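Data from my_file28.csv: CSV, C-alpha atoms
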```
chain,number,residue,atom,x,y,z
Q,30,MET,CA,69.0,104.3,112.3
Q,31,SER,CA,66.5,103.9,109.6
Q,32,ILE,CA,65.9,106.9,107.4
Q,33,GLY,CA,63.5,105.1,105.1
Q,34,ILE,CA,60.7,105.6,107.6
Q,35,ALA,CA,60.9,109.3,107.0
Q,36,MET,CA,59.7,108.9,103.4
Q,37,SER,CA,56.1,108.7,102.3
Q,38,LYS,CA,55.5,106.3,99.5
Q,39,ASP,CA,51.7,105.8,100.0
Q,40,ASN,CA,50.9,107.8,96.9
Q,41,ASP,CA,52.9,107.4,93.8
Q,42,ASP,CA,51.9,110.8,92.6
Q,43,ASP,CA,53.4,112.5,95.6
Q,44,GLY,CA,56.8,110.7,95.1
Q,45,ILE,CA,59.3,110.8,97.9
Q,46,VAL,CA,58.4,113.5,100.5
Q,47,LEU,CA,61.5,114.7,102.4
Q,48,THR,CA,61.4,115.6,106.0
Q,49,GLU,CA,62.6,119.0,107.2
Q,50,ALA,CA,65.8,117.4,108.4
Q,51,GLN,CA,66.5,115.8,105.1
Q,52,LYS,CA,65.8,119.0,103.3
Q,53,ARG,CA,68.2,120.9,105.5
Q,54,ALA,CA,70.9,118.2,105.0
Q,55,ARG,CA,70.4,118.2,101.3
Q,56,ARG,CA,70.6,122.0,101.1
Q,57,SER,CA,73.8,122.1,103.1
Q,58,ARG,CA,75.4,119.4,100.9
Q,59,SER,CA,74.3,121.3,97.7
Q,60,ILE,CA,75.9,124.5,99.0
Q,61,ALA,CA,79.1,122.7,99.8
Q,62,ILE,CA,79.3,121.1,96.3
Q,63,ALA,CA,78.6,124.5,94.7
Q,64,LEU,CA,81.3,126.2,96.7
Q,65,ALA,CA,83.8,123.4,96.0
Q,66,LEU,CA,83.1,123.6,92.2
Q,67,ALA,CA,83.3,127.4,92.3
Q,68,ALA,CA,86.7,127.2,94.1
Q,69,LEU,CA,87.9,124.7,91.5
Q,70,VAL,CA,86.9,127.1,88.6
Q,71,ILE,CA,88.7,130.0,90.4
Q,72,LEU,CA,91.8,127.8,91.1
Q,73,PHE,CA,92.1,126.8,87.4
Q,74,TYR,CA,91.5,130.4,86.2
Q,75,VAL,CA,94.1,131.9,88.6
Q,76,MET,CA,96.6,129.1,88.0
Q,77,THR,CA,96.3,129.7,84.2
Q,78,LEU,CA,97.1,133.4,84.8
Q,79,VAL,CA,100.0,132.5,87.0
Q,80,LYS,CA,101.5,130.0,84.6
Q,81,GLY,CA,101.0,132.3,81.6
Q,82,PRO,CA,102.2,130.7,78.3
Q,83,GLY,CA,103.9,128.0,80.3
Q,84,VAL,CA,100.5,126.6,81.3
Q,85,LEU,CA,100.9,123.9,78.6
Q,86,ILE,CA,104.4,123.0,79.7
Q,87,ARG,CA,104.0,120.4,82.5
Q,88,PRO,CA,107.2,118.5,83.3
Q,89,ILE,CA,106.8,114.9,84.3
N,10,MET,CA,90.3,85.3,102.6
N,11,SER,CA,88.9,87.8,105.0
N,12,LEU,CA,89.4,87.0,108.7
N,13,VAL,CA,86.5,89.2,109.6
N,14,SER,CA,83.5,87.1,110.6
N,15,GLU,CA,80.3,87.4,108.7
N,16,GLY,CA,77.9,89.9,110.0
N,17,THR,CA,76.3,93.0,108.7
N,18,ASP,CA,77.6,93.5,105.2
N,19,PHE,CA,77.8,97.2,104.9
N,20,ARG,CA,79.3,97.1,101.4
N,21,GLY,CA,76.6,94.7,100.3
N,22,SER,CA,74.0,97.4,100.5
N,23,LEU,CA,75.7,99.0,97.6
N,24,GLY,CA,73.9,96.8,95.2
N,25,ALA,CA,70.9,95.9,97.2
N,26,SER,CA,69.7,99.4,97.7
N,27,ALA,CA,70.9,100.8,94.4
N,28,GLY,CA,67.5,100.8,93.0
N,29,LEU,CA,65.8,102.4,96.0
N,30,ALA,CA,67.5,105.7,96.7
N,31,GLU,CA,66.8,106.8,100.3
N,32,PRO,CA,67.1,110.5,101.1
N,33,SER,CA,70.2,111.0,103.1
N,34,LEU,CA,70.5,112.8,106.4
N,35,ALA,CA,74.3,113.2,106.0
N,36,THR,CA,75.6,116.6,106.8
N,37,VAL,CA,78.7,118.3,105.4
N,38,GLY,CA,80.4,117.5,108.7
N,39,ASP,CA,79.8,113.8,108.1
N,40,TYR,CA,81.6,114.0,104.8
N,41,VAL,CA,84.4,116.0,106.4
N,42,ALA,CA,84.7,113.1,109.0
N,43,LEU,CA,84.9,110.6,106.1
N,44,MET,CA,88.1,112.3,105.0
N,45,LYS,CA,89.8,111.6,108.4
N,46,PRO,CA,90.9,115.2,109.0
N,47,ARG,CA,93.4,114.3,111.7
N,48,VAL,CA,95.3,111.9,109.4
N,49,MET,CA,94.9,114.5,106.7
N,50,SER,CA,96.6,117.2,108.8
N,51,LEU,CA,99.7,114.9,109.3
N,52,VAL,CA,99.8,114.1,105.6
N,53,VAL,CA,99.7,117.8,104.7
N,54,PHE,CA,102.4,118.7,107.2
N,55,THR,CA,104.8,116.0,106.0
N,56,ALA,CA,104.1,116.9,102.4
N,57,LEU,CA,104.7,120.6,103.2
N,58,VAL,CA,108.1,119.7,104.6
N,59,GLY,CA,108.9,117.7,101.5
N,60,LEU,CA,107.9,120.6,99.3
N,61,ALA,CA,109.7,123.2,101.4
N,62,VAL,CA,113.1,121.4,101.6
N,63,ALA,CA,113.1,120.7,97.9
N,64,PRO,CA,115.5,122.8,95.8
N,65,GLY,CA,114.3,125.3,93.1
N,66,SER,CA,111.5,127.8,93.1
N,67,LEU,CA,107.8,127.3,93.1
N,68,HIS,CA,105.0,129.9,92.9
N,69,PRO,CA,103.2,130.1,96.2
N,70,LEU,CA,99.8,129.4,94.5
N,71,THR,CA,101.3,126.3,92.8
N,72,ALA,CA,102.6,125.2,96.2
N,73,PHE,CA,99.1,125.8,97.7
N,74,THR,CA,97.5,123.8,94.9
N,75,ALA,CA,99.9,120.9,95.4
N,76,LEU,CA,99.1,120.8,99.1
N,77,LEU,CA,95.4,121.1,98.5
N,78,CYS,CA,95.4,118.2,96.0
N,79,ILE,CA,97.5,116.1,98.4
N,80,ALA,CA,95.1,116.9,101.3
N,81,VAL,CA,92.0,116.0,99.1
N,82,GLY,CA,93.8,112.8,97.9
N,83,ALA,CA,94.4,111.8,101.5
N,84,GLY,CA,90.8,112.5,102.3
N,85,ALA,CA,89.7,110.4,99.3
N,86,ALA,CA,91.8,107.5,100.6
N,87,GLY,CA,90.2,107.9,104.0
N,88,ALA,CA,86.7,107.9,102.6
N,89,LEU,CA,87.4,104.7,100.6
N,90,ASN,CA,88.9,103.1,103.7
N,91,MET,CA,85.8,103.9,105.6
N,92,TRP,CA,83.6,102.5,102.8
N,93,TYR,CA,85.5,99.2,102.8
N,94,ASP,CA,86.1,98.9,106.5
N,95,ALA,CA,82.6,99.8,107.7
N,96,ASP,CA,81.9,96.3,109.0
N,97,ILE,CA,85.0,96.2,111.2
N,98,ASP,CA,84.7,99.9,112.2
N,99,ALA,CA,81.2,99.0,113.6
N,100,VAL,CA,82.6,96.5,116.2
N,101,MET,CA,85.7,98.6,117.3
N,102,THR,CA,85.2,101.1,120.1
N,103,ARG,CA,87.6,103.5,118.5
N,104,THR,CA,85.8,103.6,115.2
N,105,ALA,CA,82.2,102.7,115.9
N,106,ARG,CA,81.0,106.4,115.7
N,107,ARG,CA,82.3,106.9,112.2
N,108,PRO,CA,79.6,108.1,109.7
N,109,VAL,CA,79.1,104.8,107.8
N,110,PRO,CA,78.7,102.4,110.8
N,111,MET,CA,76.5,105.1,112.4
N,112,GLY,CA,74.3,105.0,109.3
N,113,ARG,CA,74.6,108.7,108.6
N,114,VAL,CA,76.4,108.1,105.3
N,115,LEU,CA,75.5,105.1,103.1
N,116,PRO,CA,78.4,102.9,101.9
N,117,ARG,CA,77.7,103.7,98.3
N,118,GLU,CA,77.8,107.5,99.1
N,119,ALA,CA,81.2,107.0,100.8
N,120,LEU,CA,82.4,105.1,97.8
N,121,SER,CA,81.2,107.7,95.3
N,122,PHE,CA,82.6,110.5,97.4
N,123,GLY,CA,86.0,108.8,97.7
N,124,LEU,CA,86.3,108.0,94.0
N,125,THR,CA,85.2,111.5,93.0
N,126,LEU,CA,87.7,113.2,95.3
N,127,ALA,CA,90.5,110.9,94.2
N,128,GLY,CA,89.8,111.7,90.5
N,129,PHE,CA,89.7,115.4,91.1
N,130,ALA,CA,92.8,115.5,93.3
N,131,VAL,CA,95.0,113.4,90.9
N,132,PHE,CA,94.0,115.2,87.7
N,133,THR,CA,94.1,118.7,89.2
N,134,LEU,CA,97.6,118.0,90.6
N,135,GLY,CA,98.7,116.6,87.2
N,136,LEU,CA,97.2,119.4,85.2
N,137,LEU,CA,98.3,122.3,87.4
N,138,VAL,CA,101.5,121.1,89.1
N,139,SER,CA,103.3,117.9,88.0
N,140,TRP,CA,102.3,114.6,86.5
N,141,LEU,CA,105.0,112.8,88.5
N,142,ALA,CA,103.5,114.1,91.7
N,143,ALA,CA,100.0,113.2,90.4
N,144,ALA,CA,101.2,109.7,89.6
N,145,LEU,CA,102.7,109.3,93.1
N,146,LEU,CA,99.4,110.6,94.6
N,147,ALA,CA,97.4,108.1,92.6
N,148,PHE,CA,99.7,105.3,93.6
N,149,THR,CA,99.5,106.3,97.2
N,150,ILE,CA,95.7,106.2,97.2
N,151,PHE,CA,95.7,102.9,95.3
N,152,PHE,CA,98.2,101.5,97.8
N,153,TYR,CA,96.3,102.6,100.9
N,154,VAL,CA,92.9,101.4,99.6
N,155,ALA,CA,93.7,98.3,97.5
N,156,ILE,CA,96.9,97.0,99.0
N,157,TYR,CA,96.5,98.0,102.7
N,158,THR,CA,92.7,98.2,103.3
N,159,VAL,CA,91.4,95.5,101.1
N,160,TRP,CA,94.3,93.0,101.1
N,161,LEU,CA,96.8,93.3,103.9
N,162,LYS,CA,94.8,94.7,106.9
N,163,ARG,CA,92.6,91.6,107.2
N,164,SER,CA,95.1,89.0,106.1
N,165,THR,CA,98.5,89.5,107.7
N,166,PRO,CA,100.1,90.8,111.0
N,167,GLN,CA,102.6,92.6,108.7
N,168,ASN,CA,99.6,94.8,107.5
N,169,ILE,CA,100.9,98.1,109.0
N,170,VAL,CA,104.5,97.4,108.2
N,171,ILE,CA,103.9,97.1,104.4
N,172,GLY,CA,100.8,99.4,104.5
N,173,GLY,CA,102.8,102.0,106.3
N,174,ALA,CA,104.3,102.9,102.9
N,175,ALA,CA,101.1,104.7,102.0
N,176,GLY,CA,101.5,107.1,104.9
N,177,ALA,CA,105.2,107.6,104.0
N,178,PHE,CA,104.7,108.9,100.5
N,179,PRO,CA,103.5,112.5,101.1
N,180,PRO,CA,107.0,114.0,101.6
N,181,MET,CA,108.0,112.4,98.2
N,182,ILE,CA,104.8,113.8,96.6
N,183,GLY,CA,105.6,117.3,98.0
N,184,TRP,CA,109.2,117.0,96.7
N,185,ALA,CA,108.0,115.8,93.3
N,186,ALA,CA,105.5,118.7,93.1
N,187,ALA,CA,108.3,121.2,93.7
N,188,THR,CA,111.0,119.7,91.5
N,189,GLY,CA,109.3,117.3,89.0
N,190,SER,CA,111.8,114.7,90.1
N,191,LEU,CA,113.0,112.6,93.0
N,192,SER,CA,116.3,112.1,94.8
N,193,LEU,CA,117.8,110.5,97.9
N,194,GLU,CA,116.6,113.1,100.4
N,195,PRO,CA,112.8,112.6,99.9
N,196,ILE,CA,113.5,108.8,100.0
N,197,LEU,CA,115.1,109.3,103.4
N,198,LEU,CA,112.0,111.2,104.6
N,199,PHE,CA,109.9,108.3,103.2
N,200,LEU,CA,112.0,105.7,105.2
N,201,ILE,CA,111.7,107.7,108.4
N,202,ILE,CA,107.9,107.6,108.3
N,203,PHE,CA,108.0,104.0,107.0
N,204,PHE,CA,110.0,102.7,110.0
N,205,TRP,CA,108.1,105.0,112.4
N,206,THR,CA,104.8,103.3,111.5
N,207,PRO,CA,105.2,99.9,113.1
N,208,PRO,CA,106.3,101.0,116.7
N,209,HIS,CA,103.6,103.7,116.6
N,210,PHE,CA,100.7,101.4,115.6
N,211,TRP,CA,101.9,98.4,117.6
N,212,ALA,CA,102.2,100.5,120.7
N,213,LEU,CA,98.5,101.4,120.2
N,214,ALA,CA,97.6,97.8,119.4
N,215,LEU,CA,99.1,96.6,122.6
N,216,TYR,CA,96.5,98.4,124.7
N,217,ARG,CA,93.7,97.9,122.1
N,218,THR,CA,94.3,94.2,121.6
N,219,GLU,CA,90.7,93.2,122.5
N,220,ASP,CA,89.3,95.8,120.1
N,221,TYR,CA,91.3,94.4,117.2
N,222,ALA,CA,90.6,90.8,118.2
N,223,ARG,CA,86.9,91.5,118.4
N,224,ALA,CA,87.1,92.8,114.8
N,225,CYS,CA,89.2,89.8,113.8
N,226,ILE,CA,92.0,92.1,112.5
N,227,PRO,CA,95.3,90.1,112.6
N,228,MET,CA,97.3,92.8,114.3
N,229,LEU,CA,100.6,91.5,115.7
N,230,PRO,CA,99.5,91.4,119.4
N,231,VAL,CA,96.4,89.4,118.4
N,232,VAL,CA,98.3,86.9,116.2
N,233,ALA,CA,101.9,86.7,117.6
N,234,GLY,CA,101.1,87.7,121.2
N,235,ASP,CA,102.1,90.4,123.6
N,236,LYS,CA,105.8,89.4,124.1
N,237,SER,CA,106.7,89.1,120.5
N,238,THR,CA,105.0,92.4,119.7
N,239,ARG,CA,107.1,94.2,122.3
N,240,ARG,CA,110.3,92.7,120.8
N,241,GLN,CA,109.3,93.8,117.4
N,242,ILE,CA,108.5,97.3,118.6
N,243,LEU,CA,112.0,97.6,120.0
N,244,LEU,CA,113.5,96.1,116.8
N,245,TYR,CA,111.8,98.6,114.6
N,246,THR,CA,112.6,101.5,117.0
N,247,ALA,CA,116.2,100.5,116.7
N,248,ILE,CA,116.0,100.7,112.9
N,249,LEU,CA,114.0,104.0,113.0
N,250,ALA,CA,116.5,105.9,115.2
N,251,PRO,CA,119.4,105.7,112.7
N,252,PHE,CA,117.1,106.6,109.8
N,253,GLY,CA,115.9,109.6,111.8
N,254,ILE,CA,119.6,110.8,112.1
N,255,ALA,CA,120.4,109.9,108.4
N,256,PRO,CA,119.4,113.3,106.9
N,257,TRP,CA,122.0,114.9,109.2
N,258,LEU,CA,124.6,112.2,108.5
N,259,PHE,CA,124.2,112.7,104.7
N,260,GLY,CA,124.7,116.4,105.2
N,261,TYR,CA,121.2,117.5,104.2
N,262,THR,CA,120.6,119.2,107.6
N,263,GLY,CA,122.4,121.2,110.2
N,264,PRO,CA,123.3,120.6,113.9
N,265,LEU,CA,119.9,121.5,115.2
N,266,TYR,CA,118.3,118.7,113.3
N,267,GLY,CA,121.1,116.3,114.2
N,268,THR,CA,120.9,117.1,117.9
N,269,THR,CA,117.1,116.8,117.9
N,270,ALA,CA,117.1,113.5,115.9
N,271,VAL,CA,119.7,112.0,118.3
N,272,ALA,CA,117.9,113.1,121.4
N,273,ALA,CA,114.4,112.1,120.2
N,274,GLY,CA,115.8,108.8,118.9
N,275,ALA,CA,117.4,108.0,122.2
N,276,ILE,CA,114.0,108.7,124.0
N,277,MET,CA,112.2,106.5,121.6
N,278,MET,CA,114.8,103.7,122.3
N,279,VAL,CA,114.3,104.2,126.1
N,280,LEU,CA,110.5,104.1,125.7
N,281,GLY,CA,110.8,101.0,123.4
N,282,TRP,CA,112.9,99.3,126.1
N,283,GLN,CA,110.3,100.1,128.8
N,284,VAL,CA,107.6,98.6,126.5
N,285,LEU,CA,109.7,95.4,126.2
N,286,ARG,CA,110.0,95.1,130.0
N,287,GLU,CA,106.4,95.9,130.7
N,288,ARG,CA,103.9,93.0,131.3
N,289,ARG,CA,100.2,93.0,130.8
N,290,PRO,CA,97.8,94.3,132.2
N,291,ALA,CA,100.1,97.3,132.6
N,292,GLU,CA,99.9,99.5,129.6
N,293,ARG,CA,101.6,102.7,130.7
N,294,ALA,CA,104.8,102.2,128.7
N,295,SER,CA,102.8,101.4,125.6
N,296,ARG,CA,100.7,104.5,125.9
N,297,ASN,CA,103.9,106.6,126.6
N,298,LEU,CA,105.6,105.3,123.4
N,299,PHE,CA,102.4,105.8,121.3
N,300,ALA,CA,102.2,109.4,122.5
N,301,PHE,CA,105.9,110.2,122.2
N,302,SER,CA,106.0,108.6,118.7
N,303,ILE,CA,103.6,111.3,117.4
N,304,LEU,CA,105.8,114.0,119.0
N,305,TYR,CA,108.9,112.3,117.6
N,306,LEU,CA,107.7,112.5,114.0
N,307,PHE,CA,106.4,116.0,114.4
N,308,LEU,CA,109.6,117.2,116.0
N,309,LEU,CA,111.9,115.8,113.3
N,310,PHE,CA,109.8,117.3,110.4
N,311,ALA,CA,109.2,120.6,112.2
N,312,VAL,CA,113.0,121.1,112.9
N,313,LEU,CA,113.7,120.1,109.3
N,314,LEU,CA,111.2,122.7,108.1
N,315,VAL,CA,112.7,125.4,110.4
N,316,GLU,CA,116.3,124.6,109.5
N,317,ARG,CA,116.1,123.6,105.9
N,318,GLY,CA,112.8,124.6,104.5
N,319,TRP,CA,111.8,127.8,106.1
N,320,GLY,CA,114.4,130.0,104.5
N,321,GLY,CA,113.8,128.3,101.2
N,322,LEU,CA,110.1,128.6,101.5
N,323,ILE,CA,110.3,132.3,102.3
N,324,ALA,CA,112.6,132.9,99.4
N,325,ARG,CA,110.3,130.9,97.2
N,326,LEU,CA,107.3,133.0,98.2
N,327,ALA,CA,109.2,136.2,97.7
N,328,ALA,CA,110.5,135.1,94.2
```

Will you turn the file into structure tokens for me?
Amino acid sequence: MSIGIAMSKDNDDDGIVLTEAQKRARRSRSIAIALALAALVILFYVMTLVKGPGVLIRPI
Amino acid sequence: MSLVSEGTDFRGSLGASAGLAEPSLATVGDYVALMKPRVMSLVVFTALVGLAVAPGSLHPLTAFTALLCIAVGAGAAGALNMWYDADIDAVMTRTARRPVPMGRVLPREALSFGLTLAGFAVFTLGLLVSWLAAALLAFTIFFYVAIYTVWLKRSTPQNIVIGGAAGAFPPMIGWAAATGSLSLEPILLFLIIFFWTPPHFWALALYRTEDYARACIPMLPVVAGDKSTRRQILLYTAILAPFGIAPWLFGYTGPLYGTTAVAAGAIMMVLGWQVLRERRPAERASRNLFAFSILYLFLLFAVLLVERGWGGLIARLAA
């Protein structure tokens, strides 16, 4: 399946014009990345609270 | 040298199209599929058992973090496997609908996704849980991608024998996450999965021989033939059955596990014997062994979890 045909490159000033499907896919991916990063921040924050002063003690 | 014939070079598009970024139609579901969720669920389950049967105490959130990192690490390995194997995935019936051969995810996207996930999984596990567990996870990803996928899979019929080690590491990672060390017990769990892998995958390969041959993957039935594969299946099943009982023999488990392991091992041997006696084009015995082998591994680890791990896990969560 070629997705290149969905792009318009006729006019350099317009740049790449995304189709509606491409915009929807990009939006869903962006939301997923944002949620994953937020979850990572929360995980590190809560784990720091859980470990307390021992957060810097990490046995090998 | 790769045995795969020259055709569409999926990985080649990494450089060719690097300067012309095409907007992707890939959905979140496609990226989830890249992580091989079914394989991931087995990895998480065996890692959970390793973590639960380990001695000592672990905060439930730390245990959750460890399992999350192991799951993401397994997903990273799956994505990197799909990046490298896109050419052979495209010609195999079982894998032709994966995101990369279907064109929904570009090879360079699968590669970036896999490397990013691997980095996050290893360093998060190291920073928040244990660097030994993180090192084992990093080695597992490296082993699965570099040793199995890139090297062994296309070059030797022993590919899944040696490469099976990658799938056997999760209980050891779980144990290391809980204790920060290793001992004989997680090594026994490793050996059970290690010797379970050949009969499991060769039983599948027996009735997918044409698929593997078309993709030029030197699976044992393709290279050594049907009869030799059936003998090897019975041989590895005969090695697996005692290893399945070993945790009970060493006194790590109780009679429930011992009884289950003996009974399940005996069924595996009977099915392995039926596979040996079967002749192509019949494939019923092979399908039976493949199906039961999944149940065998699940049963052993589930009983281990119930008998050894469940009480410890509840005590750990309550602590």

Report task. With a distance cut-off of 9 Å and all atoms listed in the file, select the neighbouring residues of Val232 in chain N, excluding the residue or stretch itself and same-chain residues fewer than 2 positions from it, and output the selection as a PyMOL selection string. Result -> chain N and resi 165-166+222+226-230+234

Query raised in the report: Suppose you want the space between CA of Ala144 in chain N and CA of Pro180 in chain N; what is it in Å?
Result: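 Computing it gives 14.0 Å between the two atoms.
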
Query raised in the report: Between CA of Ile97 in chain N and CA of Lys162 in chain N, what is the distance, to one decimal in Å?
Result: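 Atom-to-atom, CA of Ile97 in chain N and CA of Lys162 in chain N are spaced 10.8 Å apart.
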
Query raised in the report: In file coordinates, which residues lie within 12 Å of (104.3, 108.2, 90.8) using all atoms listed in the file, given as a list in words?
Result: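 It turns out the residues near that spot are Ile89 of chain Q; Val131, Leu134, Gly135, Ser139, Trp140, Leu141, Ala142, Ala143, Ala144, Leu145, Leu146, Ala147, Phe148, Thr149, Ile150, Phe151, Phe152, Phe178, Pro179, Met181, Ile182, Gly183, Trp184, Ala185, Ala186, Gly189, Ser190 and Leu191 of chain N.
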
Output as a tab-separated table one row per residue of range 52-138 of chain N within 12 Å of range 60-70 of chain Q: the closest atom pair and its distance in Å to one decimal place, counting only C-alpha atoms, sorted by chain and residue number ascending.
```
residue	atom	partner	partner_atom	distance
N:Thr74	CA	Q:Leu69	CA	10.2
N:Leu77	CA	Q:Leu69	CA	10.9
N:Cys78	CA	Q:Leu69	CA	10.9
N:Val81	CA	Q:Ala65	CA	11.5
N:Phe122	CA	Q:Ile62	CA	11.2
N:Thr125	CA	Q:Ile62	CA	11.7
N:Leu126	CA	Q:Ala65	CA	10.9
N:Phe129	CA	Q:Leu69	CA	9.5
N:Ala130	CA	Q:Leu69	CA	10.6
N:Phe132	CA	Q:Leu69	CA	11.9
N:Thr133	CA	Q:Leu69	CA	8.9
N:Leu134	CA	Q:Leu69	CA	11.8
N:Leu137	CA	Q:Leu69	CA	11.4
```

Query raised in the report: Which residue out of N:Ile169, N:Leu115, N:Ala233, N:Ala105 has the minimum interatomic distance to chain Q when only C-alpha atoms are used?
Result: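 The answer is N:Leu115, which sits nearest to chain Q.
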
Query - Gap from CA of Tyr157 in chain N to CA of Gly172 in chain N - Å, one decimal - result: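 One can read the CA of Tyr157 in chain N to CA of Gly172 in chain N distance as 4.9 Å.
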
Requested in this report: Can you work out which one of N:Leu193, N:Val114, N:Ala95, N:Met44 has the shortest atom-to-atom distance to chain Q, counting all atoms listed in the file?
Outcome: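 Looking only at the distances to chain Q, the closest residue turns out to be N:Val114.
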